[in-house]
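Chemist: Please see the structure below; I have some questions.
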Amino acid sequence: MNWSISPMEWQALSLSLKVGLWASFASLPLGLGVAWLLARKRFFGHGLLNAVVHLPLVVPPVVVGYALLVTFGRTGMIGAWAYDVFGLSFAFNWKGAAIAAAVMAFPLMVRAMRLSLESQDPGLEQAARTLGANPFRVFFTITLPLMLPGIVTGLVLAFARALGEFGATITFVSNIPGATQTLPLALYNFTQVPGGEASALRLAVLSVGVALIALMASEYLARRARHLTGEDAA
Amino acid sequence: MIENTLKIDIRHKAGDFGIKAKIEAQPGITTLFGKSGAGKSSIISMIAGLVQPDSGRITIGEEVLFDSSQNINRAPENRNIGYVFQDARLFPHMNVRQNLSYGLGRMEADQRQPQFDAVVTLLGLENLLTRKPLKLSGGEKQRVAIGRALLSNPAVLLMDEPLASLDAARKSEILPFIENLAQEFALPIIYVSHAVEEVVRLSDSLVLISEGHVAAQGTVEALMSRIDLSPITGRYEAGAVLTPIVSEHLTDLNLTQLNLLGHNLFVPAVPITPDTAIRLRVRARDVSLALERPQGTSVLNMVPGQIHEIDQDDGPHATVAIKVQGTPANTDQPQDQTILARITKKSLQDMNLQNGVTVWAMIKSVAIDRHSLGGHGRGTKRS
């Protein structure tokens with residue numbers, strides 16, 4: 001058994017990390033906004049927004065990938081517009097893969113942040129208002145800092161989900177080595193060709209390793225965040 | 001200091017529950033007293049701007065905070081109102097110093113440091129400044145919350161049962177601070193409570209709240225001795241509030257002699273300078289009545305007076321209001337004060353007690369609730 005990792009496998013790993021980091025961090029502001037809307041506001045369409053956000057959890061990933069292809073493809077509504085205005089293309093490149101991963105990970109991110117918002121005592125925000133803080137200052141000095149553990153959890157969950165993304169990605173941006181072939185896609189590829197067993201095993205071990213590191217890092221970060229928000233008794 | 005009388009006149013309906021309140025609060029402590037759920041907290045939430053009343057007007061001096069007829073409704077952050085919540089609501093991610101400083105922005109820049117130091121000293125927070133709220137005791141949390149509200153430069157301070165979640169020891173730790181506030185900072189303090197001891201000790205003015213409306217507003221002495229208000233002030237705890245003057249200390253007997261309109265009262269020695277007016281609460285159930293001055297009794301405190309009201313309740317008891325007349329030691333003006341006695345209806349019949357009858361009130365126990373009406377009170381003692 002040869003444990004040395006081939007350039008192609010390295011490529012899949014680095015692409016996966018890039019896609020995962022972009023997918024989780026770039027969707028953070030939107031995730032925060034949606035979590036805040038769902039947790040704090042009651043409005044017409046609240047239930048619908050909640051359902052749409054959670055949709056990727058329940059529909060087959062292939063359906064999500066197909067929907068992305070239709071909307072974000074070069075001829076799709078958003079895809080054509082993004083290309084005309086910004087010269088951005090998502091078709092068959094890593095950006096498309098990041099979008100697919102972000103959409104699939106979005107419900108997990110929103111859920112974690114919404115829970116941390118809902119567990120926050122709104123009385124603290126009221127207290128801040130009576131001390132002269134406007135809603136803007138209240139959000140950035142009270143609400144957001146106290147959400148930190150939830151934000152860390154949301155980011156890590158989204159990152160982990162993005163790393164594992166398969167169905168939506170392969171449907172939307174296909175399986176192109178060096179461009180859209182992330183770890184799971186490469187792993188799938190090697191299981192389909194004769195003599196690929198060693199590569200498949202190495203990639204599987206790599207995947208587990210990355211996931212383990214991410215989980216331990218999140219545990220550490222969440223502890224630090226809880227310390228900052230004064231939740232730990234230590 | 002600008003004239004900052006708080007005036008509110010508001011109506012609000014939430015479900016079946018209606019609030020209708022007209023209250024005026026001068027600098028000093030105005031307590032809102034009533035049962036849980038009477039609407040006290042709702043009223044101060046509306047003063048702070050956390051809840052919007054359906055209609056009415058709220059002003060501090062010339063400043064209009066809310067006026068439904070002019071469509072004025074200032075946001076909480078623009079009302080200059082300090083709010084001490086029952087649960088303290090300290091920001092858990094900030095240490096005590098950061099919590100105290102959160103509202104400093106409303107104060108003139110050159111005032112911040114001296115005021116900060118003054119409040120820290122007043123509330124004894126020097127050793128807590130670097131601690132996070134989680135490591136504070138309940139009493140310490142409330143002291144920080146009071147300091148934080150004071151440092152936001154309020155024109156009015158609202159306190160919503162700040163002692164309700166504390167045990168007796170913590171309460172007596174904080175009460176003196178609150179007593180001092182009204183004198184140190186000449187601002188109206190609205191103090192919400194359902195504990196009669198706190199009310200008697202702290203009130204400069206008392207507002208009785210019942211089922212969302214103001215049942216009565218006046219001095220503690222006047223309202224606590226009104227039998228018709230006893231369903232609100234509480235029957236079992238019912239009792240009149242008296243304001244005698246300290247006459248002398250009988251050191252060999254460990255007693256202090258008080259002068260109530262020319263009548264002597266004796267209480268366990270209290271360290272108060274003679275000639276100071278103090279506030280006593282005499283519970284109605286601690287008072288018994290006699291038609292003539294009793295002889296050969298161990299009861300020390302006996303005061304003659306005239307019955308002016310009798311209220312018979314559904315049970316075996318009746319409450320009798322006795323008016324004591326005389327001239328206080330510090331003026332020439334005759335005054336009267338009222339003592340309440342809770343006796344059985346049988347005694348009422350046997351003694352043939354009616355309005356106008358002169359009786360002797362025998363006081364078995366006295367609670368000293370406020371050591372000085374001029375204000376250096378410390379602690380509550382019972383004899």
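Naming works like this for the structure tokens: A, B, ... for the chains as they're shown, residue 1 at the start of each chain, ligands 1 onward in shown order.
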Would you give me, as a ChimeraX atom specification, the residues of chain A that come within 12 Å of chain B, using only C-alpha atoms?

Modeler: /A:120-138,141-149,224-234

Chemist: Near A:Leu37, within 12 Å and counting only C-alpha atoms, which residues show up once chain neighbours fewer than 5 positions away are dropped, as a list in words?

Modeler: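 What passes the distance filter is Leu30, Gly31, Leu32, Arg42, Phe43, Phe44, Gly45, His46, Gly47, Leu49, Asn50, Val53, Val110, Met113, Arg114, Leu117 and Glu118 of chain A.
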
Chemist: Could you tell me, as JSON, numbers by chain, which residues of chain A DSSP assigns to helix (DSSP H, G or I) when given the backbone?

Modeler: {"A": [7, 8, 9, 10, 11, 12, 13, 14, 15, 16, 17, 18, 19, 20, 21, 22, 23, 24, 25, 26, 28, 29, 30, 31, 32, 33, 34, 35, 36, 37, 38, 39, 40, 46, 47, 48, 49, 50, 51, 52, 53, 54, 55, 56, 57, 58, 61, 62, 63, 64, 65, 66, 67, 68, 69, 70, 71, 72, 77, 78, 79, 80, 81, 82, 83, 84, 85, 86, 94, 95, 96, 97, 98, 99, 100, 101, 102, 103, 104, 105, 106, 107, 108, 109, 110, 111, 112, 113, 114, 115, 116, 117, 118, 122, 123, 124, 125, 126, 127, 128, 129, 130, 135, 136, 137, 138, 139, 140, 141, 142, 143, 144, 145, 146, 147, 148, 149, 150, 151, 152, 153, 154, 155, 156, 157, 158, 159, 160, 161, 162, 163, 164, 167, 168, 169, 170, 171, 172, 173, 183, 184, 185, 186, 187, 188, 189, 190, 191, 192, 197, 198, 199, 200, 201, 202, 203, 204, 205, 206, 207, 208, 209, 210, 211, 212, 213, 214, 215, 216, 217, 218, 219, 220, 221, 222, 223, 224, 225, 226, 227, 228]}

Chemist: I'd like the contact shell of stretch 326-340 of chain B - 9 Å cut-off, only C-alpha atoms, skipping same-chain residues fewer than 3 positions apart - returned as a short mmCIF file (atom, residue, chain, number, x, y, z; two decimals) with N, CA and C atoms, in the first residue's frame.

Modeler:
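Once written, around-v1.cif looks like this:
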```
data_model
loop_
_atom_site.label_atom_id
_atom_site.label_comp_id
_atom_site.auth_asym_id
_atom_site.auth_seq_id
_atom_site.Cartn_x
_atom_site.Cartn_y
_atom_site.Cartn_z
N GLU B 221 -47.95 57.17 55.58
CA GLU B 221 -48.73 57.24 56.81
C GLU B 221 -50.22 57.31 56.50
N ALA B 222 -50.58 58.16 55.53
CA ALA B 222 -51.99 58.34 55.22
C ALA B 222 -52.60 57.10 54.59
N SER B 225 -52.87 53.68 56.82
CA SER B 225 -53.83 53.64 57.92
C SER B 225 -55.27 53.65 57.42
N ARG B 226 -55.44 53.62 56.08
CA ARG B 226 -56.80 53.63 55.57
C ARG B 226 -57.34 52.21 55.45
N ILE B 227 -58.39 51.94 56.22
CA ILE B 227 -58.94 50.58 56.24
C ILE B 227 -59.48 50.18 54.88
N ALA B 238 -51.56 44.11 57.42
CA ALA B 238 -52.06 45.46 57.56
C ALA B 238 -51.55 46.10 58.83
N GLY B 239 -51.25 47.35 58.74
CA GLY B 239 -50.77 48.04 59.92
C GLY B 239 -50.57 49.50 59.61
N ALA B 240 -50.67 50.31 60.65
CA ALA B 240 -50.51 51.73 60.45
C ALA B 240 -49.04 52.10 60.51
N VAL B 241 -48.68 53.17 59.87
CA VAL B 241 -47.33 53.69 59.93
C VAL B 241 -47.34 54.95 60.77
N LEU B 242 -46.52 54.97 61.81
CA LEU B 242 -46.47 56.11 62.73
C LEU B 242 -45.13 56.83 62.59
N THR B 243 -45.15 58.11 62.87
CA THR B 243 -43.89 58.85 62.82
C THR B 243 -43.63 59.56 64.15
N PRO B 244 -43.11 58.82 65.13
CA PRO B 244 -42.75 59.44 66.41
C PRO B 244 -41.37 60.10 66.31
N ILE B 245 -41.00 60.78 67.37
CA ILE B 245 -39.70 61.46 67.43
C ILE B 245 -38.88 60.84 68.55
N SER B 247 -36.90 60.60 71.69
CA SER B 247 -36.68 61.57 72.77
C SER B 247 -35.41 61.29 73.55
N ASN B 259 -41.38 59.70 71.33
CA ASN B 259 -42.50 60.56 71.67
C ASN B 259 -43.48 60.58 70.50
N LEU B 260 -44.66 59.98 70.72
CA LEU B 260 -45.68 59.99 69.68
C LEU B 260 -46.78 60.96 70.11
N LEU B 261 -46.74 62.15 69.59
CA LEU B 261 -47.75 63.17 69.89
C LEU B 261 -47.94 63.32 71.41
N GLY B 262 -46.85 63.33 72.15
CA GLY B 262 -46.92 63.53 73.57
C GLY B 262 -47.02 62.25 74.38
N HIS B 263 -47.21 61.10 73.72
CA HIS B 263 -47.27 59.81 74.42
C HIS B 263 -45.94 59.10 74.27
N ASP B 275 -34.44 63.72 68.86
CA ASP B 275 -35.14 64.74 68.09
C ASP B 275 -35.28 64.39 66.61
N VAL B 282 -46.74 49.58 62.83
CA VAL B 282 -47.39 48.81 63.89
C VAL B 282 -48.46 47.96 63.22
N ARG B 283 -48.22 46.67 63.18
CA ARG B 283 -49.20 45.81 62.52
C ARG B 283 -50.48 45.73 63.35
N ALA B 284 -51.59 45.74 62.64
CA ALA B 284 -52.89 45.75 63.32
C ALA B 284 -53.04 44.54 64.24
N ARG B 285 -52.47 43.39 63.83
CA ARG B 285 -52.65 42.20 64.67
C ARG B 285 -51.78 42.23 65.91
N VAL B 287 -51.82 44.85 67.89
CA VAL B 287 -52.43 45.86 68.75
C VAL B 287 -53.69 45.28 69.37
N GLY B 305 -56.78 56.85 72.39
CA GLY B 305 -57.26 57.47 71.16
C GLY B 305 -58.73 57.21 70.97
N THR B 319 -61.31 45.21 61.88
CA THR B 319 -60.20 46.14 62.00
C THR B 319 -60.74 47.47 62.52
N VAL B 320 -60.08 48.00 63.54
CA VAL B 320 -60.54 49.23 64.17
C VAL B 320 -59.46 50.30 63.98
N ALA B 321 -59.88 51.47 63.50
CA ALA B 321 -58.94 52.58 63.35
C ALA B 321 -59.09 53.53 64.52
N ILE B 322 -57.97 53.82 65.19
CA ILE B 322 -58.01 54.68 66.38
C ILE B 322 -57.19 55.94 66.09
N LYS B 323 -57.81 57.06 66.28
CA LYS B 323 -57.12 58.32 66.02
C LYS B 323 -56.47 58.80 67.32
N ALA B 361 -54.92 51.75 73.11
CA ALA B 361 -54.30 50.78 72.20
C ALA B 361 -53.04 50.25 72.87
#
```

Chemist: If we count only C-alpha atoms, what is near B:Arg11 at a cut-off of 6 Å, once residues fewer than 2 positions away on the same chain are taken out, given as a ChimeraX atom specification?

Modeler: /B:19-20,54-55

Chemist: Counting only C-alpha atoms, which residue out of A:Ala51, A:Leu221, A:Ala112, A:Ala97 sits closest to A:Leu183?

Modeler: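 Among the listed residues, the smallest separation from A:Leu183 belongs to A:Ala97.
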
Chemist: Determine, counting only C-alpha atoms, which protein, DNA and RNA residues have an atom within 9 Å of an atom of stretch 184-196 of chain B; residues of the same chain fewer than 4 positions away are not included. Present the result as a PyMOL selection string.

Modeler: chain B and resi 1+4-6+25-36+40-41+44+150+154-164+180+200-203+233-234+237

Chemist: Among stretch 18-144 of chain B, which residues does DSSP mark as strand (DSSP E) when it is run on the backbone? Keep the chain and numbering as in the structure and answer as number ranges by chain.

Modeler: B: 18-25, 28-33, 55-60, 63-67, 72-73, 81-84

Chemist: Between A:Leu68, A:Gly33, A:Arg74, A:Leu163, which residue has the minimum interatomic distance to A:Leu206, considering only C-alpha atoms?

Modeler: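 Going through A:Leu68, A:Gly33, A:Arg74, A:Leu163 one by one, the smallest distance to A:Leu206 is for A:Leu163.
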
Chemist: May I have the residues within 8 Å of A:Ala102 as a PDB file with N, CA and C atoms, in the first residue's frame, using only C-alpha atoms and disregarding those fewer than 6 positions away in the same chain?

Modeler:
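Output below, filename selection.pdb:
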```
ATOM      1  N   ALA A  23     -17.656  28.707   0.761  1.00  0.00           N
ATOM      2  CA  ALA A  23     -19.081  28.412   0.943  1.00  0.00           C
ATOM      3  C   ALA A  23     -19.544  28.852   2.327  1.00  0.00           C
ATOM      4  N   SER A  24     -18.716  28.591   3.368  1.00  0.00           N
ATOM      5  CA  SER A  24     -19.179  28.918   4.714  1.00  0.00           C
ATOM      6  C   SER A  24     -19.028  30.404   5.013  1.00  0.00           C
ATOM      7  N   SER A  27     -21.291  32.951   2.833  1.00  0.00           N
ATOM      8  CA  SER A  27     -22.729  32.960   3.106  1.00  0.00           C
ATOM      9  C   SER A  27     -23.037  33.393   4.537  1.00  0.00           C
ATOM     10  N   ALA A 158     -21.393  24.377   8.556  1.00  0.00           N
ATOM     11  CA  ALA A 158     -21.491  24.684   7.135  1.00  0.00           C
ATOM     12  C   ALA A 158     -20.243  24.200   6.400  1.00  0.00           C
ATOM     13  N   ALA A 162     -20.165  21.441   3.573  1.00  0.00           N
ATOM     14  CA  ALA A 162     -19.642  21.812   2.261  1.00  0.00           C
ATOM     15  C   ALA A 162     -18.573  20.822   1.806  1.00  0.00           C
TER      16      ALA A 162
END
```

Chemist: Quick one: pull the distance between atom CA of B:Ala14 and atom CA of B:Gly56, Å, one decimal.

Modeler: 15.2 Å

Chemist: Extract, using only C-alpha atoms, all DNA, RNA and protein residues at most 9 Å from B:Lys346, discarding same-chain residues fewer than 3 positions from it, and format them as a PDB file with N, CA, C and O atoms, in the first residue's frame.

Modeler:
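As written to disk, selection.pdb reads:
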```pdb
ATOM      1  N   PRO B 316     -63.862  36.032  61.492  1.00  0.00           N
ATOM      2  CA  PRO B 316     -64.170  36.389  62.887  1.00  0.00           C
ATOM      3  C   PRO B 316     -63.609  37.747  63.299  1.00  0.00           C
ATOM      4  O   PRO B 316     -63.824  38.180  64.422  1.00  0.00           O
ATOM      5  N   HIS B 317     -62.878  38.417  62.414  1.00  0.00           N
ATOM      6  CA  HIS B 317     -62.139  39.605  62.837  1.00  0.00           C
ATOM      7  C   HIS B 317     -62.749  40.915  62.348  1.00  0.00           C
ATOM      8  O   HIS B 317     -63.541  40.947  61.414  1.00  0.00           O
ATOM      9  N   ILE B 343     -58.993  43.028  65.915  1.00  0.00           N
ATOM     10  CA  ILE B 343     -59.519  42.288  67.063  1.00  0.00           C
ATOM     11  C   ILE B 343     -60.677  41.410  66.579  1.00  0.00           C
ATOM     12  O   ILE B 343     -61.117  41.524  65.445  1.00  0.00           O
ATOM     13  N   GLN B 349     -68.214  43.314  70.195  1.00  0.00           N
ATOM     14  CA  GLN B 349     -69.541  43.297  70.827  1.00  0.00           C
ATOM     15  C   GLN B 349     -69.447  43.404  72.335  1.00  0.00           C
ATOM     16  O   GLN B 349     -70.119  44.228  72.959  1.00  0.00           O
ATOM     17  N   ASP B 350     -68.570  42.556  72.911  1.00  0.00           N
ATOM     18  CA  ASP B 350     -68.456  42.522  74.369  1.00  0.00           C
ATOM     19  C   ASP B 350     -68.088  43.892  74.933  1.00  0.00           C
ATOM     20  O   ASP B 350     -68.569  44.300  75.979  1.00  0.00           O
ATOM     21  N   MET B 351     -67.207  44.614  74.202  1.00  0.00           N
ATOM     22  CA  MET B 351     -66.744  45.905  74.711  1.00  0.00           C
ATOM     23  C   MET B 351     -67.639  47.049  74.235  1.00  0.00           C
ATOM     24  O   MET B 351     -67.437  48.187  74.633  1.00  0.00           O
TER      25      MET B 351
END
```

Chemist: Just the number, please: distance in Å from atom CA of A:Pro177 to atom CA of A:Met8, one decimal.

Modeler: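 Separation between atom CA of A:Pro177 and atom CA of A:Met8: 7.6 Å.
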